[in-house]
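Heads up, structure_32.tsv below (TSV, C-alpha atoms):
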```tsv
chain	number	residue	atom	x	y	z
A	27	MET	CA	-29.29	17.49	52.29
A	28	LYS	CA	-31.72	17.79	49.35
A	29	ASN	CA	-30.18	21.06	48.20
A	30	SER	CA	-26.68	19.59	48.45
A	31	THR	CA	-27.62	16.59	46.28
A	32	THR	CA	-29.31	18.78	43.70
A	33	THR	CA	-26.29	21.02	43.51
A	34	GLY	CA	-24.01	18.01	43.12
A	35	ASN	CA	-26.13	16.57	40.30
A	36	PHE	CA	-26.16	19.93	38.53
A	37	GLY	CA	-22.37	20.12	38.76
A	38	LEU	CA	-22.02	16.60	37.37
A	39	ARG	CA	-24.36	17.36	34.45
A	40	LYS	CA	-22.42	20.54	33.70
A	41	ALA	CA	-19.15	18.64	33.64
A	42	LEU	CA	-20.58	15.96	31.31
A	43	VAL	CA	-21.96	18.59	28.94
A	44	ALA	CA	-18.61	20.37	28.86
A	45	GLY	CA	-16.78	17.09	28.20
A	46	LEU	CA	-19.16	16.16	25.39
A	47	ALA	CA	-18.75	19.58	23.81
A	48	GLY	CA	-14.99	19.15	23.92
A	49	LEU	CA	-15.26	15.73	22.26
A	50	ILE	CA	-17.45	17.15	19.49
A	51	VAL	CA	-14.96	19.93	18.87
A	52	GLY	CA	-12.14	17.41	18.82
A	53	LEU	CA	-13.94	15.19	16.33
A	54	GLY	CA	-14.72	18.24	14.25
A	55	GLY	CA	-11.03	19.05	14.18
A	56	ILE	CA	-10.21	15.54	12.94
A	57	TYR	CA	-12.86	15.77	10.21
A	58	ILE	CA	-11.55	19.13	9.05
A	59	TYR	CA	-7.98	17.83	8.98
A	60	GLN	CA	-8.93	14.77	6.94
A	61	THR	CA	-10.89	16.92	4.53
A	62	GLN	CA	-7.88	19.19	4.05
A	63	VAL	CA	-5.68	16.16	3.31
A	64	ALA	CA	-8.17	14.88	0.75
A	65	THR	CA	-8.80	18.19	-0.99
A	66	GLY	CA	-5.57	20.13	-0.49
A	67	SER	CA	-2.05	19.63	-1.83
A	68	ALA	CA	-2.38	15.83	-1.96
A	69	ALA	CA	-5.40	16.11	-4.23
A	70	ASN	CA	-3.50	18.36	-6.62
A	71	ALA	CA	-0.42	16.10	-6.57
A	72	CYS	CA	-2.42	12.92	-7.17
A	73	GLN	CA	-4.73	13.96	-10.02
A	74	SER	CA	-3.18	11.51	-12.49
A	75	SER	CA	-3.40	8.51	-10.17
A	76	MET	CA	-6.93	9.38	-9.06
A	77	ALA	CA	-8.04	9.59	-12.69
A	78	ALA	CA	-6.46	6.19	-13.33
A	79	ALA	CA	-8.16	4.73	-10.24
A	80	GLU	CA	-11.54	5.87	-11.52
A	81	GLN	CA	-10.96	4.23	-14.89
A	82	LEU	CA	-9.79	0.93	-13.35
A	83	LYS	CA	-12.98	0.14	-11.44
A	84	PRO	CA	-14.57	-1.95	-14.26
A	85	PHE	CA	-11.33	-3.96	-14.67
A	86	ALA	CA	-11.00	-5.24	-11.09
A	87	THR	CA	-12.32	-8.67	-12.05
A	88	GLY	CA	-11.30	-12.32	-12.00
A	89	GLU	CA	-7.92	-12.84	-10.36
A	90	VAL	CA	-7.74	-9.16	-9.41
A	91	ALA	CA	-11.36	-8.76	-8.29
A	92	ALA	CA	-10.10	-7.84	-4.82
A	93	PHE	CA	-8.15	-4.86	-6.19
A	94	LEU	CA	-9.48	-1.69	-4.55
A	95	PRO	CA	-9.10	1.48	-6.65
A	96	ALA	CA	-8.13	4.48	-4.53
A	97	GLN	CA	-11.00	6.58	-3.21
A	98	LYS	CA	-8.94	9.49	-1.83
A	99	PRO	CA	-5.54	10.98	-2.78
A	100	LEU	CA	-2.64	9.31	-0.98
A	101	VAL	CA	1.02	10.17	-1.63
A	102	VAL	CA	3.32	7.15	-1.11
A	103	SER	CA	6.47	8.38	-2.84
A	104	ASP	CA	8.18	8.57	0.58
A	105	LEU	CA	8.13	4.79	1.09
A	106	THR	CA	11.76	3.75	1.54
A	107	PHE	CA	13.52	0.36	1.45
A	108	ASN	CA	16.91	-1.07	0.41
A	109	THR	CA	18.50	-2.40	-2.77
A	110	GLN	CA	20.41	-5.69	-2.81
A	111	ASP	CA	23.55	-3.64	-2.10
A	112	ASP	CA	21.87	-2.35	1.08
A	113	ALA	CA	21.56	1.18	-0.35
A	114	PRO	CA	18.38	3.09	0.55
A	115	ILE	CA	15.92	3.81	-2.24
A	116	SER	CA	12.43	5.30	-2.21
A	117	MET	CA	9.46	5.08	-4.53
A	118	ALA	CA	10.30	8.62	-5.62
A	119	ASN	CA	13.56	7.27	-7.13
A	120	ILE	CA	11.72	4.83	-9.43
A	121	ASN	CA	10.06	6.11	-12.59
A	122	GLY	CA	6.85	4.95	-14.20
A	123	THR	CA	3.94	3.02	-12.74
A	124	LYS	CA	4.89	0.63	-9.95
A	125	LEU	CA	3.25	-2.44	-8.45
A	126	MET	CA	4.75	-2.64	-4.95
A	127	ASN	CA	4.38	-6.01	-3.26
A	128	ILE	CA	5.32	-6.61	0.39
A	129	TRP	CA	6.31	-10.25	1.03
A	130	ALA	CA	8.22	-12.59	3.35
A	131	THR	CA	9.64	-16.11	3.08
A	132	TRP	CA	7.46	-17.33	5.97
A	133	CYS	CA	4.28	-16.15	4.22
A	134	ALA	CA	2.71	-19.17	2.48
A	135	PRO	CA	0.49	-17.11	0.12
A	136	CYS	CA	3.59	-15.08	-0.86
A	137	ARG	CA	5.34	-18.25	-1.99
A	138	LYS	CA	2.43	-18.93	-4.34
A	139	GLU	CA	2.22	-15.35	-5.57
A	140	MET	CA	5.89	-14.54	-6.24
A	141	PRO	CA	6.20	-16.56	-9.49
A	142	HIS	CA	3.14	-14.72	-10.85
A	143	LEU	CA	4.74	-11.37	-10.04
A	144	ASP	CA	7.95	-12.60	-11.69
A	145	ARG	CA	6.05	-13.40	-14.90
A	146	LEU	CA	4.34	-10.01	-14.78
A	147	GLN	CA	7.74	-8.34	-14.57
A	148	ALA	CA	9.06	-10.47	-17.43
A	149	GLU	CA	6.00	-9.59	-19.53
A	150	MET	CA	5.71	-5.87	-18.81
A	151	GLY	CA	8.79	-4.63	-16.95
A	152	GLY	CA	10.49	-1.62	-18.54
A	153	ASP	CA	10.54	2.18	-18.54
A	154	ASP	CA	6.78	2.53	-18.04
A	155	PHE	CA	6.16	-0.17	-15.42
A	156	ASN	CA	7.94	-2.34	-12.86
A	157	VAL	CA	7.10	-4.74	-10.06
A	158	ILE	CA	8.76	-3.60	-6.83
A	159	ALA	CA	8.78	-6.66	-4.56
A	160	VAL	CA	10.05	-5.73	-1.09
A	161	ASN	CA	10.98	-8.50	1.34
A	162	VAL	CA	10.36	-7.81	5.04
A	163	ASP	CA	12.05	-10.81	6.71
A	164	ARG	CA	13.83	-9.82	9.93
A	165	ASN	CA	17.12	-11.53	8.98
A	166	ASP	CA	20.43	-9.71	9.36
A	167	THR	CA	21.43	-10.79	5.84
A	168	ASP	CA	19.50	-11.39	2.64
A	169	ASP	CA	21.02	-14.79	1.80
A	170	LYS	CA	17.97	-16.79	2.89
A	171	GLN	CA	15.56	-14.63	0.92
A	172	ILE	CA	17.64	-14.70	-2.26
A	173	ALA	CA	17.98	-18.49	-1.99
A	174	PHE	CA	14.20	-18.68	-1.53
A	175	LEU	CA	13.60	-16.76	-4.78
A	176	GLU	CA	16.02	-19.00	-6.65
A	177	GLU	CA	14.29	-22.07	-5.24
A	178	ILE	CA	10.86	-21.02	-6.55
A	179	GLY	CA	12.24	-19.96	-9.94
A	180	VAL	CA	11.98	-16.17	-9.58
A	181	SER	CA	14.59	-14.51	-11.82
A	182	HIS	CA	13.13	-11.30	-13.31
A	183	LEU	CA	12.37	-9.33	-10.14
A	184	THR	CA	14.90	-6.88	-8.76
A	185	TYR	CA	15.57	-7.75	-5.12
A	186	TYR	CA	14.53	-5.15	-2.54
A	187	SER	CA	14.35	-5.57	1.21
A	188	ASP	CA	13.46	-3.88	4.47
A	189	ASN	CA	14.59	-5.96	7.46
A	190	SER	CA	13.18	-3.35	9.84
A	191	MET	CA	9.65	-3.71	8.34
A	192	LYS	CA	9.46	0.08	8.25
A	193	VAL	CA	7.90	0.10	4.79
A	194	PHE	CA	5.15	-2.25	6.02
A	195	ASN	CA	4.56	-0.16	9.13
A	196	ASP	CA	4.50	3.03	7.05
A	197	LEU	CA	1.82	1.50	4.83
A	198	ARG	CA	-0.09	0.32	7.87
A	199	ALA	CA	0.03	3.85	9.27
A	200	LYS	CA	-1.58	4.96	5.99
A	201	ALA	CA	-4.22	2.19	6.44
A	202	ARG	CA	-2.78	0.29	3.46
A	203	ALA	CA	-1.30	-2.84	5.08
A	204	MET	CA	-3.38	-5.43	6.89
A	205	GLY	CA	-1.10	-8.45	6.48
A	206	LEU	CA	1.04	-10.25	3.90
A	207	PRO	CA	1.07	-10.14	1.01
A	208	THR	CA	0.07	-6.52	0.53
A	209	THR	CA	0.17	-4.96	-2.93
A	210	ILE	CA	-0.20	-1.29	-3.84
A	211	MET	CA	-0.21	0.15	-7.35
A	212	VAL	CA	1.60	3.49	-7.49
A	213	GLY	CA	1.22	5.99	-10.31
A	214	GLN	CA	3.85	8.03	-12.08
A	215	ASP	CA	3.03	10.90	-9.72
A	216	GLY	CA	3.97	8.81	-6.67
A	217	CYS	CA	0.39	8.37	-5.47
A	218	GLU	CA	-1.76	5.31	-4.84
A	219	ILE	CA	-3.86	4.05	-7.74
A	220	GLY	CA	-5.19	1.11	-5.79
A	221	SER	CA	-4.38	-1.63	-3.30
A	222	MET	CA	-4.92	-5.34	-2.83
A	223	TYR	CA	-4.69	-7.48	0.29
A	224	GLY	CA	-3.91	-11.14	-0.24
A	225	PRO	CA	-2.41	-13.06	-3.17
A	226	ALA	CA	-3.39	-12.94	-6.83
A	227	ASP	CA	-2.24	-14.36	-10.14
A	228	TRP	CA	-0.64	-11.17	-11.42
A	229	ALA	CA	0.23	-12.86	-14.71
A	230	SER	CA	-3.43	-13.63	-15.48
A	231	PRO	CA	-5.21	-11.92	-18.40
A	232	GLU	CA	-7.27	-9.84	-15.93
A	233	ALA	CA	-4.15	-8.61	-14.15
A	234	LEU	CA	-2.36	-7.74	-17.38
A	235	GLU	CA	-5.43	-5.82	-18.52
A	236	LEU	CA	-5.55	-3.96	-15.20
A	237	VAL	CA	-1.89	-2.95	-15.41
A	238	ASN	CA	-2.14	-1.93	-19.07
A	239	ARG	CA	-5.20	0.20	-18.35
A	240	ALA	CA	-3.44	1.88	-15.44
A	241	ILE	CA	-0.45	2.79	-17.60
A	242	ALA	CA	-2.61	4.04	-20.46
A	243	ALA	CA	-4.79	6.14	-18.11
A	244	GLN	CA	-1.76	8.23	-17.12
A	245	GLU	CA	-0.47	8.98	-20.62
```
Written form, structure tokens:
Amino acid sequence: MKNSTTTGNFGLRKALVAGLAGLIVGLGGIYIYQTQVATGSAANACQSSMAAAEQLKPFATGEVAAFLPAQKPLVVSDLTFNTQDDAPISMANINGTKLMNIWATWCAPCRKEMPHLDRLQAEMGGDDFNVIAVNVDRNDTDDKQIAFLEEIGVSHLTYYSDNSMKVFNDLRAKARAMGLPTTIMVGQDGCEIGSMYGPADWASPEALELVNRAIAAQE
């Protein structure tokens, strides 16, 4: 009986050691993969945005103090949503630096933030920069959302939508969406410059300085 128990314990320890070794190898594989993503083709493609992110750190203050400059290269040019005519469009189709904001009519902080984004677009929108505000309400039509924007006095933003919430889920899969509103600044190379979770006064002096610095850093 003693020999049988000893043999059983030895077999159990052997199995645990083998399982732990497999877990370590698996974790090592994940670490290697993440390192390749951070230092491989994405790193080369995102050099401009990463340089801008580094320069923006001192300017994340005041109203945009919660802005988080990117720490690793992240390509987001594949994010896709719809125009007001229900035609698909991706970030890759839009030139210049972009400030993508994900919002919904039922999001109280979004209601407060949208007029600020509208003023930012009025102030700085053009060939070099645009606010890309994407609505993610689950309505079959966009009538309610458009009426909402008219009600709160938003008139300078181009209307974009994604009733499937795919763009939000795609950002969440990239660890860049925790709730609404979510804002991500995208460089001319289609990569993340930085992100912000929660509302901000994007027409404030601090926000204008942040955007201007981001544009200048890529020239």
Using all atoms listed in the file, which residues of range 209-241 of chain A come within 8 Å of range 95-109 of chain A, and what is the closest atom pair for each, with the distance in Å to one decimal? Give it as JSON lines, sorted by chain and residue number.
```
{"residue": "A:Val212", "atom": "CA", "partner": "A:Val102", "partner_atom": "CA", "distance": 7.6}
{"residue": "A:Gly216", "atom": "CA", "partner": "A:Ser103", "partner_atom": "CA", "distance": 4.6}
{"residue": "A:Cys217", "atom": "CA", "partner": "A:Val101", "partner_atom": "CA", "distance": 4.3}
{"residue": "A:Glu218", "atom": "CA", "partner": "A:Leu100", "partner_atom": "CA", "distance": 5.6}
{"residue": "A:Ile219", "atom": "CA", "partner": "A:Ala96", "partner_atom": "CA", "distance": 5.4}
{"residue": "A:Gly220", "atom": "CA", "partner": "A:Pro95", "partner_atom": "CA", "distance": 4.0}
{"residue": "A:Ser221", "atom": "CA", "partner": "A:Pro95", "partner_atom": "CA", "distance": 6.6}
```
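Pairwise distance (CA of Ala243 in chain A, CA of Ala77 in chain A) equals 7.2 Å.
Distances here use all atoms listed in the file; by that measure, the residue among A:Pro231, A:Phe194, A:Asp153, A:Ala159 closest to Thr87 in chain A is A:Pro231.
Of the listed residues (A:Asn156, A:Asn238, A:Ser230, A:Gln214), A:Gln214 comes nearest to Met76 in chain A; the distances count all atoms listed in the file.
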Point-to-point distance in Å for CA of Phe85 in chain A and CA of Ala242 in chain A:
13.2 Å
Just checking: using all atoms listed in the file, which residue out of A:Leu146, A:Ala130, A:Leu183, A:Ala91 ends up closest to Asp163 in chain A?
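For Asp163 in chain A, the nearest of the given residues is A:Ala130.
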Rank nothing, just name the residue among A:Val193, A:Ala226, A:Met211, A:Cys72 nearest to Lys138 in chain A, using all atoms listed in the file.
A:Ala226
CA of Cys136 in chain A to CA of Met150 in chain A, distance in Å rounded to a single decimal:
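The value is 20.3 Å.
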Polymer residues at most 7 Å from range 196-207 of chain A, only C-alpha atoms, same-chain spacing of 2 or more positions, as a PyMOL selection string
chain A and resi 127-129+133+136+192-194+209+223-225
Just write the chosen residues, C-alpha atoms, as a CSV table (one decimal), keeping the file's coordinate frame.
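Listed below is the output, part_16.csv:
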```csv
chain,number,residue,atom,x,y,z
A,127,ASN,CA,4.4,-6.0,-3.3
A,128,ILE,CA,5.3,-6.6,0.4
A,129,TRP,CA,6.3,-10.2,1.0
A,133,CYS,CA,4.3,-16.2,4.2
A,136,CYS,CA,3.6,-15.1,-0.9
A,192,LYS,CA,9.5,0.1,8.2
A,193,VAL,CA,7.9,0.1,4.8
A,194,PHE,CA,5.2,-2.2,6.0
A,209,THR,CA,0.2,-5.0,-2.9
A,223,TYR,CA,-4.7,-7.5,0.3
A,224,GLY,CA,-3.9,-11.1,-0.2
A,225,PRO,CA,-2.4,-13.1,-3.2
```
Around all the atoms of range 66-76 of chain A listed in the file, with 6 Å of room on each side, what axis-aligned box do you get, giving centre and edge lengths in Å to one decimal, as lines of an AutoDock Vina configuration file?
```
center_x = -3.7
center_y = 14.3
center_z = -6.5
size_x = 18.5
size_y = 23.6
size_z = 24.0
```
Among listed residues A:Ile120, A:Leu94, A:Arg137, A:Met126, nearest Leu82 in chain A (using all atoms listed in the file)
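That would be A:Leu94, the residue with the smallest distance to Leu82 in chain A.
Proximity of A:Met117, A:Ile158, A:Met222, A:Ala92 to Asp144 in chain A, computed with only C-alpha atoms, is greatest for A:Ile158.
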Distance query range 167-180 of chain A at most 10 Å, all atoms listed in the file, self and fewer than 3 positions along chain excluded, as a list in words:
Gln110, Asp111, Asp112, Ala130, Thr131, Trp132, Arg137, Lys138, Met140, Pro141, His142, Leu143, Asp144, Arg145, Asn161, Val162, Asp163, Arg164, Leu183, Thr184, Tyr185, Tyr186, Ser187, Asp188 and Asn189 of chain A
Restore N, CA and C atoms in range 141-167 of chain A and list the result as a PDB file, keeping the file's coordinate frame.
```pdb
ATOM      1  N   PRO A 141       5.979 -16.219  -8.078  1.00  0.00           N
ATOM      2  CA  PRO A 141       6.200 -16.560  -9.490  1.00  0.00           C
ATOM      3  C   PRO A 141       5.279 -15.803 -10.444  1.00  0.00           C
ATOM      4  N   HIS A 142       4.052 -15.501 -10.016  1.00  0.00           N
ATOM      5  CA  HIS A 142       3.140 -14.720 -10.850  1.00  0.00           C
ATOM      6  C   HIS A 142       3.664 -13.297 -11.039  1.00  0.00           C
ATOM      7  N   LEU A 143       4.162 -12.712  -9.951  1.00  0.00           N
ATOM      8  CA  LEU A 143       4.740 -11.370 -10.040  1.00  0.00           C
ATOM      9  C   LEU A 143       5.984 -11.378 -10.926  1.00  0.00           C
ATOM     10  N   ASP A 144       6.749 -12.466 -10.859  1.00  0.00           N
ATOM     11  CA  ASP A 144       7.950 -12.600 -11.690  1.00  0.00           C
ATOM     12  C   ASP A 144       7.575 -12.626 -13.164  1.00  0.00           C
ATOM     13  N   ARG A 145       6.505 -13.349 -13.497  1.00  0.00           N
ATOM     14  CA  ARG A 145       6.050 -13.400 -14.900  1.00  0.00           C
ATOM     15  C   ARG A 145       5.496 -12.054 -15.350  1.00  0.00           C
ATOM     16  N   LEU A 146       4.834 -11.354 -14.446  1.00  0.00           N
ATOM     17  CA  LEU A 146       4.340 -10.010 -14.780  1.00  0.00           C
ATOM     18  C   LEU A 146       5.504  -9.084 -15.106  1.00  0.00           C
ATOM     19  N   GLN A 147       6.563  -9.160 -14.309  1.00  0.00           N
ATOM     20  CA  GLN A 147       7.740  -8.340 -14.570  1.00  0.00           C
ATOM     21  C   GLN A 147       8.390  -8.716 -15.896  1.00  0.00           C
ATOM     22  N   ALA A 148       8.476 -10.006 -16.173  1.00  0.00           N
ATOM     23  CA  ALA A 148       9.060 -10.470 -17.430  1.00  0.00           C
ATOM     24  C   ALA A 148       8.235  -9.996 -18.628  1.00  0.00           C
ATOM     25  N   GLU A 149       6.915  -9.967 -18.450  1.00  0.00           N
ATOM     26  CA  GLU A 149       6.000  -9.590 -19.530  1.00  0.00           C
ATOM     27  C   GLU A 149       5.971  -8.082 -19.759  1.00  0.00           C
ATOM     28  N   MET A 150       6.003  -7.296 -18.680  1.00  0.00           N
ATOM     29  CA  MET A 150       5.710  -5.870 -18.810  1.00  0.00           C
ATOM     30  C   MET A 150       6.780  -4.939 -18.240  1.00  0.00           C
ATOM     31  N   GLY A 151       7.769  -5.480 -17.564  1.00  0.00           N
ATOM     32  CA  GLY A 151       8.790  -4.630 -16.950  1.00  0.00           C
ATOM     33  C   GLY A 151       9.544  -3.788 -17.960  1.00  0.00           C
ATOM     34  N   GLY A 152       9.778  -2.519 -17.633  1.00  0.00           N
ATOM     35  CA  GLY A 152      10.490  -1.620 -18.540  1.00  0.00           C
ATOM     36  C   GLY A 152      10.448  -0.194 -18.022  1.00  0.00           C
ATOM     37  N   ASP A 153      10.524   0.766 -18.933  1.00  0.00           N
ATOM     38  CA  ASP A 153      10.540   2.180 -18.540  1.00  0.00           C
ATOM     39  C   ASP A 153       9.209   2.646 -17.973  1.00  0.00           C
ATOM     40  N   ASP A 154       8.103   2.056 -18.442  1.00  0.00           N
ATOM     41  CA  ASP A 154       6.780   2.530 -18.040  1.00  0.00           C
ATOM     42  C   ASP A 154       6.220   1.818 -16.805  1.00  0.00           C
ATOM     43  N   PHE A 155       6.744   0.627 -16.510  1.00  0.00           N
ATOM     44  CA  PHE A 155       6.160  -0.170 -15.420  1.00  0.00           C
ATOM     45  C   PHE A 155       7.184  -1.135 -14.846  1.00  0.00           C
ATOM     46  N   ASN A 156       7.105  -1.331 -13.512  1.00  0.00           N
ATOM     47  CA  ASN A 156       7.940  -2.340 -12.860  1.00  0.00           C
ATOM     48  C   ASN A 156       7.258  -2.868 -11.609  1.00  0.00           C
ATOM     49  N   VAL A 157       7.512  -4.143 -11.321  1.00  0.00           N
ATOM     50  CA  VAL A 157       7.100  -4.740 -10.060  1.00  0.00           C
ATOM     51  C   VAL A 157       8.200  -4.460  -9.040  1.00  0.00           C
ATOM     52  N   ILE A 158       7.815  -3.889  -7.906  1.00  0.00           N
ATOM     53  CA  ILE A 158       8.760  -3.600  -6.830  1.00  0.00           C
ATOM     54  C   ILE A 158       8.399  -4.518  -5.663  1.00  0.00           C
ATOM     55  N   ALA A 159       9.060  -5.678  -5.606  1.00  0.00           N
ATOM     56  CA  ALA A 159       8.780  -6.660  -4.560  1.00  0.00           C
ATOM     57  C   ALA A 159       9.758  -6.437  -3.408  1.00  0.00           C
ATOM     58  N   VAL A 160       9.221  -6.080  -2.256  1.00  0.00           N
ATOM     59  CA  VAL A 160      10.050  -5.730  -1.090  1.00  0.00           C
ATOM     60  C   VAL A 160       9.893  -6.802  -0.013  1.00  0.00           C
ATOM     61  N   ASN A 161      11.001  -7.467   0.304  1.00  0.00           N
ATOM     62  CA  ASN A 161      10.980  -8.500   1.340  1.00  0.00           C
ATOM     63  C   ASN A 161      11.117  -7.863   2.724  1.00  0.00           C
ATOM     64  N   VAL A 162      10.334  -8.375   3.699  1.00  0.00           N
ATOM     65  CA  VAL A 162      10.360  -7.810   5.040  1.00  0.00           C
ATOM     66  C   VAL A 162      10.750  -8.842   6.104  1.00  0.00           C
ATOM     67  N   ASP A 163      11.500  -9.890   5.711  1.00  0.00           N
ATOM     68  CA  ASP A 163      12.050 -10.810   6.710  1.00  0.00           C
ATOM     69  C   ASP A 163      12.953 -10.047   7.666  1.00  0.00           C
ATOM     70  N   ARG A 164      13.038 -10.507   8.916  1.00  0.00           N
ATOM     71  CA  ARG A 164      13.830  -9.820   9.930  1.00  0.00           C
ATOM     72  C   ARG A 164      15.255 -10.351  10.032  1.00  0.00           C
ATOM     73  N   ASN A 165      15.757 -11.000   8.981  1.00  0.00           N
ATOM     74  CA  ASN A 165      17.120 -11.530   8.980  1.00  0.00           C
ATOM     75  C   ASN A 165      18.141 -10.411   8.918  1.00  0.00           C
ATOM     76  N   ASP A 166      19.352 -10.695   9.446  1.00  0.00           N
ATOM     77  CA  ASP A 166      20.430  -9.710   9.360  1.00  0.00           C
ATOM     78  C   ASP A 166      21.010  -9.645   7.954  1.00  0.00           C
ATOM     79  N   THR A 167      20.935 -10.755   7.218  1.00  0.00           N
ATOM     80  CA  THR A 167      21.430 -10.790   5.840  1.00  0.00           C
ATOM     81  C   THR A 167      20.291 -11.202   4.923  1.00  0.00           C
TER      82      THR A 167
END
```
